[in-house]
file start.txt (compact mmCIF, C-alpha atoms and all ligand atoms)
# COMPACT_ATOMS: atom_id res chain seq x y z
CA MET A 1 0.00 0.00 0.00
CA LYS A 2 1.24 3.46 -0.89
CA PHE A 3 1.18 6.28 1.66
CA PHE A 4 0.41 9.77 0.45
CA VAL A 5 0.48 12.60 2.94
CA ASP A 6 -2.49 14.95 2.87
CA THR A 7 -0.97 18.34 3.66
CA ALA A 8 0.82 21.36 2.23
CA GLU A 9 3.03 21.76 5.32
CA ILE A 10 6.63 21.35 4.13
CA ASP A 11 8.17 20.45 7.49
CA ALA A 12 5.63 17.70 8.14
CA ILE A 13 6.16 16.24 4.67
CA ALA A 14 9.96 16.37 5.08
CA GLU A 15 9.85 14.59 8.46
CA LEU A 16 7.88 11.63 7.07
CA ASN A 17 9.73 11.66 3.76
CA ASN A 18 13.08 11.25 5.55
CA LEU A 19 11.71 8.01 7.04
CA GLY A 20 10.64 6.67 3.65
CA MET A 21 6.96 7.00 4.56
CA VAL A 22 5.94 9.29 1.70
CA ASP A 23 5.05 7.79 -1.66
CA GLY A 24 3.26 10.97 -2.72
CA VAL A 25 1.43 14.07 -1.51
CA THR A 26 -2.12 15.34 -1.92
CA THR A 27 -3.17 18.95 -1.53
CA ASN A 28 -6.49 20.73 -1.96
CA PRO A 29 -7.63 24.36 -1.76
CA SER A 30 -8.38 24.05 1.97
CA LEU A 31 -4.88 22.70 2.69
CA ILE A 32 -3.29 25.45 0.56
CA LYS A 33 -5.33 28.05 2.49
CA LYS A 34 -4.20 26.49 5.78
CA SER A 35 -0.55 26.70 4.70
CA GLY A 36 -0.91 30.43 4.01
CA ARG A 37 1.35 29.98 0.98
CA ASP A 38 1.04 30.74 -2.74
CA ILE A 39 -0.22 27.58 -4.49
CA ILE A 40 2.46 27.56 -7.19
CA GLU A 41 5.34 28.26 -4.79
CA VAL A 42 4.37 25.72 -2.14
CA THR A 43 3.52 23.04 -4.72
CA LYS A 44 6.94 23.49 -6.32
CA GLU A 45 8.64 23.10 -2.95
CA ILE A 46 6.69 19.90 -2.29
CA CYS A 47 7.57 18.54 -5.75
CA ASP A 48 11.26 19.27 -5.16
CA LEU A 49 11.12 17.35 -1.87
CA VAL A 50 9.11 14.28 -2.86
CA ALA A 51 9.80 11.93 -5.76
CA GLY A 52 6.26 10.53 -6.06
CA PRO A 53 3.09 12.10 -7.42
CA VAL A 54 1.98 15.43 -5.94
CA SER A 55 -1.71 16.22 -6.45
CA ALA A 56 -2.51 19.90 -7.04
CA GLU A 57 -6.16 20.83 -7.42
CA VAL A 58 -7.72 23.10 -10.04
CA THR A 59 -9.89 26.01 -8.91
CA ALA A 60 -12.23 26.33 -11.91
CA VAL A 61 -15.57 24.58 -12.37
CA ASP A 62 -15.75 24.58 -16.19
CA ALA A 63 -13.79 22.01 -18.18
CA ASP A 64 -11.88 24.42 -20.44
CA THR A 65 -10.53 26.47 -17.53
CA MET A 66 -9.79 23.31 -15.53
CA ILE A 67 -7.72 22.04 -18.48
CA ALA A 68 -5.87 25.38 -18.77
CA GLU A 69 -5.21 25.42 -15.02
CA GLY A 70 -4.12 21.78 -15.16
CA ARG A 71 -1.60 22.60 -17.90
CA LYS A 72 -0.23 25.47 -15.80
CA LEU A 73 0.08 23.19 -12.75
CA LEU A 74 1.83 20.57 -14.89
CA GLU A 75 4.55 23.15 -15.71
CA ILE A 76 5.55 23.22 -12.01
CA ALA A 77 7.29 19.83 -12.06
CA GLU A 78 7.28 16.41 -13.69
CA ASN A 79 5.62 14.73 -10.71
CA ILE A 80 2.45 16.85 -10.71
CA THR A 81 -0.89 15.04 -10.71
CA VAL A 82 -3.78 17.31 -11.67
CA LYS A 83 -6.69 17.01 -9.24
CA VAL A 84 -10.18 17.70 -10.57
CA PRO A 85 -13.59 17.44 -8.89
CA LEU A 86 -16.00 14.62 -9.69
CA THR A 87 -18.37 16.69 -11.84
CA TRP A 88 -19.24 16.28 -15.50
CA ASP A 89 -16.80 19.09 -16.34
CA GLY A 90 -14.18 17.49 -14.11
CA LEU A 91 -14.57 14.23 -16.04
CA LYS A 92 -14.14 16.11 -19.34
CA ALA A 93 -10.95 17.70 -18.02
CA CYS A 94 -9.81 14.27 -16.75
CA LYS A 95 -10.34 12.69 -20.18
CA THR A 96 -8.44 15.45 -22.01
CA LEU A 97 -5.48 15.55 -19.63
CA SER A 98 -5.20 11.78 -19.25
CA ASP A 99 -5.37 11.34 -23.04
CA GLU A 100 -2.36 13.67 -23.19
CA GLY A 101 -0.50 11.29 -20.87
CA HIS A 102 -0.85 13.27 -17.65
CA LYS A 103 -1.76 11.85 -14.25
CA VAL A 104 -5.20 12.90 -13.01
CA ASN A 105 -6.69 12.48 -9.52
CA VAL A 106 -10.50 12.73 -9.49
CA THR A 107 -11.56 13.96 -6.08
CA LEU A 108 -14.75 14.39 -4.03
CA CYS A 109 -15.94 10.88 -4.87
CA PHE A 110 -18.88 9.67 -2.77
CA SER A 111 -20.29 6.77 -4.80
CA ALA A 112 -19.07 3.72 -6.71
CA ASN A 113 -20.93 4.93 -9.80
CA GLN A 114 -18.93 8.16 -9.70
CA ALA A 115 -15.76 6.08 -9.40
CA LEU A 116 -16.81 4.02 -12.41
CA LEU A 117 -17.22 7.18 -14.49
CA ALA A 118 -13.82 8.49 -13.37
CA ALA A 119 -12.14 5.21 -14.36
CA LYS A 120 -13.77 5.33 -17.79
CA ALA A 121 -12.55 8.94 -18.19
CA GLY A 122 -8.98 7.70 -17.64
CA ALA A 123 -8.37 8.78 -14.02
CA THR A 124 -5.04 7.69 -12.58
CA PHE A 125 -6.44 7.98 -9.05
CA ILE A 126 -9.96 8.08 -7.64
CA SER A 127 -10.32 9.77 -4.25
CA PRO A 128 -13.29 8.45 -2.24
CA PHE A 129 -13.79 10.56 0.91
CA ILE A 130 -14.24 8.15 3.82
CA GLY A 131 -14.44 10.57 6.75
CA ARG A 132 -17.00 12.86 5.16
CA LEU A 133 -19.34 9.89 4.59
CA ASP A 134 -18.86 8.79 8.20
CA ASP A 135 -19.67 12.40 9.23
CA ILE A 136 -23.20 12.01 7.83
CA ASN A 137 -23.65 8.52 9.32
CA LEU A 138 -22.91 6.63 6.10
CA ASP A 139 -20.20 3.99 5.84
CA GLY A 140 -17.06 5.30 4.18
CA MET A 141 -15.40 1.89 4.19
CA GLU A 142 -18.34 0.35 2.37
CA LEU A 143 -17.62 2.77 -0.47
CA ILE A 144 -13.98 1.66 -0.64
CA GLU A 145 -15.16 -1.98 -0.76
CA ASP A 146 -17.69 -1.25 -3.53
CA ILE A 147 -15.14 0.58 -5.68
CA ARG A 148 -12.60 -2.25 -5.17
CA THR A 149 -15.22 -4.77 -6.33
CA VAL A 150 -16.30 -2.74 -9.34
CA TYR A 151 -12.75 -1.98 -10.49
CA ASP A 152 -11.62 -5.59 -10.01
CA ASN A 153 -14.68 -6.94 -11.86
CA TYR A 154 -13.56 -5.13 -15.01
CA GLY A 155 -9.82 -4.74 -14.55
CA PHE A 156 -9.79 -0.95 -14.30
CA GLU A 157 -6.30 0.32 -13.55
CA THR A 158 -7.42 3.50 -11.79
CA GLU A 159 -5.89 3.43 -8.31
CA ILE A 160 -8.16 3.74 -5.28
CA LEU A 161 -6.76 6.56 -3.17
CA ALA A 162 -8.65 6.44 0.12
CA ALA A 163 -9.00 10.06 1.27
CA SER A 164 -10.59 12.05 4.07
CA ILE A 165 -8.89 9.69 6.49
CA ARG A 166 -9.43 10.70 10.09
CA SER A 167 -8.15 7.74 12.12
CA VAL A 168 -5.65 4.91 12.15
CA ASN A 169 -8.58 2.49 11.81
CA HIS A 170 -9.45 4.05 8.47
CA ILE A 171 -5.91 3.22 7.31
CA LEU A 172 -6.05 -0.39 8.55
CA ASP A 173 -9.52 -0.95 7.08
CA SER A 174 -8.39 0.52 3.73
CA ALA A 175 -5.39 -1.83 3.75
CA ARG A 176 -7.61 -4.83 4.56
CA ILE A 177 -9.94 -4.00 1.68
CA GLY A 178 -7.05 -3.44 -0.71
CA ALA A 179 -7.16 0.29 -1.44
CA ASP A 180 -4.07 1.05 -3.53
CA VAL A 181 -3.17 4.23 -1.68
CA ILE A 182 -4.20 6.10 1.45
CA THR A 183 -3.76 9.81 1.89
CA ALA A 184 -3.78 10.94 5.49
CA PRO A 185 -2.77 13.94 7.59
CA PRO A 186 0.76 13.56 9.05
CA ALA A 187 -0.62 13.25 12.60
CA VAL A 188 -2.75 10.23 11.65
CA ILE A 189 0.19 8.49 9.95
CA LYS A 190 2.38 9.15 13.01
CA ALA A 191 -0.37 7.88 15.35
CA MET A 192 -0.04 4.43 13.73
CA VAL A 193 3.04 3.83 15.89
CA ASN A 194 1.09 4.14 19.15
CA HIS A 195 0.12 1.11 21.24
CA PRO A 196 -0.41 1.12 25.03
CA LEU A 197 1.32 -2.27 25.37
CA THR A 198 4.40 -0.88 23.62
CA ASP A 199 4.51 1.96 26.15
CA LYS A 200 3.90 -0.41 29.06
CA GLY A 201 6.52 -2.89 27.83
CA LEU A 202 9.08 -0.16 27.32
CA ASP A 203 8.46 1.22 30.82
CA ALA A 204 9.13 -2.26 32.27
CA PHE A 205 12.33 -2.63 30.24
CA LEU A 206 13.50 0.82 31.33
CA ALA A 207 12.86 -0.06 34.98
CA ASP A 208 14.95 -3.24 34.60
CA ILE A 209 17.72 -1.36 32.78
CA LYS A 210 17.88 1.03 35.71
CA ALA A 211 17.66 -1.70 38.37
CA ALA A 212 20.36 -3.85 36.78
CA ASP A 213 22.43 -0.86 35.61
CA ILE A 214 22.59 -2.29 32.08
CA LYS A 215 24.91 -0.23 29.86
CA ILE A 216 25.88 -0.70 26.23
CA LEU A 217 27.81 2.51 25.54
O1 LIG B 301 -7.52 15.24 0.21
C1 LIG B 301 -8.76 15.62 0.63
C2 LIG B 301 -9.30 14.92 1.83
O2 LIG B 301 -8.39 14.06 2.37
C3 LIG B 301 -10.04 15.80 2.78
O3 LIG B 301 -10.12 15.32 4.08
O4 LIG B 301 -10.65 15.56 6.46
O5 LIG B 301 -11.09 17.48 4.89
O6 LIG B 301 -12.52 15.45 4.83
P1 LIG B 301 -11.16 15.98 5.13
call {"tool": "encode", "arguments": {"input": "start.txt", "output": "structure tokens", "more": "lines below"}}
Ligand code: G3P
result
Amino acid sequence: MKFFVDTAEIDAIAELNNLGMVDGVTTNPSLIKKSGRDIIEVTKEICDLVAGPVSAEVTAVDADTMIAEGRKLLEIAENITVKVPLTWDGLKACKTLSDEGHKVNVTLCFSANQALLAAKAGATFISPFIGRLDDINLDGMELIEDIRTVYDNYGFETEILAASIRSVNHILDSARIGADVITAPPAVIKAMVNHPLTDKGLDAFLADIKAADIKIL
């Protein structure tokens, strides 16, 4: 499973990237706003840092302007993936840009039918939003399962990029189902290391190290 980090914060990306935890990055207008940075500048910095795909999202809602914005974003670096919303115009932009050989991430996916359309329009990645479905008492993981089934039934190569991940359980469940990629905030990825028995076990070892005065260096 590939790990993308869902942020435009350079320091957080660098910390995880140095540990080999970053296979790519996803950004969106809300994350760019949160960073307080210019979209082109910050996206270039991320692309310089990370070897894998970096999703940068268009701002327009009509296909022609999305395509023009996508082409401008693609000039930033070779590892740009253009992110478009799952609307009819977004699908048109997806088809045009993917036909030209560019990577496209279709975002704001909330149904398997939408994912099917994105795959047919040549999407490289489909981004189903798990957390936002859970927020309205629907089952985000069920959507990941449905898309996995539909794509596998027909051999679609579009990668399932599980997004809107809010907890470590979302990551584990996505891995169990076989999502190709998860994108998660840095804090959620880092929280995967936590386990109370690890803390308890380490405390016991530390007590014994002290009691027996065990020294290596
Ligand atoms: O990449 C977009 C997605 O991950 C958004 O997450 O938490 O704003 O629903 P969230």
call {"tool": "closest_residue", "arguments": {"input": "start.txt", "among": "A:Asp89, A:Glu41, A:Glu75, A:Asp173", "to": "A:Ala60", "atoms": "all atoms listed in the file"}}
result
A:Asp89
call {"tool": "closest_residue", "arguments": {"input": "start.txt", "among": "A:Glu9, A:Asp134, A:Asp23, A:Glu15", "to": "A:Thr183", "atoms": "only C-alpha atoms"}}
result
A:Asp23
call {"tool": "residues_near_point", "arguments": {"input": "start.txt", "point": "(-17.3, 13.0, -6.3)", "cutoff": "10 Å", "atoms": "only C-alpha atoms", "output": "list in words"}}
result
Val84, Pro85, Leu86, Thr87, Trp88, Gly90, Val106, Thr107, Leu108, Cys109, Phe110, Ser111, Ala112, Asn113, Gln114, Ala115, Ala118, Ile126, Ser127, Pro128 and Phe129 of chain A
call {"tool": "atom_distance", "arguments": {"input": "start.txt", "atom1": "atom CA of A:Ser174", "atom2": "atom CA of A:Ile80"}}
result
24.3 Å
call {"tool": "closest_atom_pairs", "arguments": {"input": "start.txt", "of": "chain A", "to": "ligand LIG 301 (chain B)", "cutoff": "8 Å", "atoms": "all atoms listed in the file", "output": "Markdown table"}}
result
| residue | atom | partner | partner_atom | distance |
| --- | --- | --- | --- | --- |
| A:Asp6 | CA | B:LIG301 | O1 | 5.7 |
| A:Thr26 | CA | B:LIG301 | O1 | 5.8 |
| A:Thr27 | CA | B:LIG301 | O1 | 6.0 |
| A:Asn28 | CA | B:LIG301 | O1 | 6.0 |
| A:Ser30 | CA | B:LIG301 | O5 | 7.7 |
| A:Thr107 | CA | B:LIG301 | C1 | 7.5 |
| A:Leu108 | CA | B:LIG301 | C1 | 7.7 |
| A:Ser127 | CA | B:LIG301 | O1 | 7.6 |
| A:Phe129 | CA | B:LIG301 | C2 | 6.3 |
| A:Ile130 | CA | B:LIG301 | O6 | 7.6 |
| A:Gly131 | CA | B:LIG301 | O6 | 5.6 |
| A:Arg132 | CA | B:LIG301 | O6 | 5.2 |
| A:Ala162 | CA | B:LIG301 | O2 | 7.9 |
| A:Ala163 | CA | B:LIG301 | O2 | 4.2 |
| A:Ser164 | CA | B:LIG301 | O3 | 3.3 |
| A:Ile165 | CA | B:LIG301 | O2 | 6.0 |
| A:Arg166 | CA | B:LIG301 | O4 | 6.2 |
| A:Thr183 | CA | B:LIG301 | O2 | 6.3 |
| A:Ala184 | CA | B:LIG301 | O2 | 6.4 |
| A:Pro185 | CA | B:LIG301 | O2 | 7.7 |
call {"tool": "closest_residue", "arguments": {"input": "start.txt", "among": "A:Lys72, A:Gly140, A:Ala204, A:Asp180", "to": "A:Ile39", "atoms": "all atoms listed in the file"}}
result
A:Lys72
call {"tool": "atom_distance", "arguments": {"input": "start.txt", "atom1": "atom CA of A:Ile182", "atom2": "atom CA of A:Ser167"}}
result
11.5 Å
call {"tool": "residues_around", "arguments": {"input": "start.txt", "residues": "A:Gly24", "least_positions_apart": "5", "cutoff": "12 Å", "atoms": "all atoms listed in the file", "output": "PyMOL selection string"}}
result
chain A and resi 1-8+13-14+16-17+46-56+79-81+125+161+181-184
call {"tool": "atom_distance", "arguments": {"input": "start.txt", "atom1": "atom CA of A:His195", "atom2": "atom CA of A:Ala179"}}
result
23.8 Å
call {"tool": "closest_residue", "arguments": {"input": "start.txt", "among": "A:Ala93, A:Ile216, A:Val193, A:Ala123", "to": "A:Thr158", "atoms": "only C-alpha atoms"}}
result
A:Ala123
call {"tool": "closest_residue", "arguments": {"input": "start.txt", "among": "A:Val82, A:Leu138, A:Val104, A:Val42", "to": "A:Glu57", "atoms": "only C-alpha atoms"}}
result
A:Val82
call {"tool": "residues_near_point", "arguments": {"input": "start.txt", "point": "(-9.7, 9.6, -17.1)", "cutoff": "6 Å", "atoms": "all atoms listed in the file", "output": "number ranges by chain"}}
result
A: 94-95, 98, 118-123
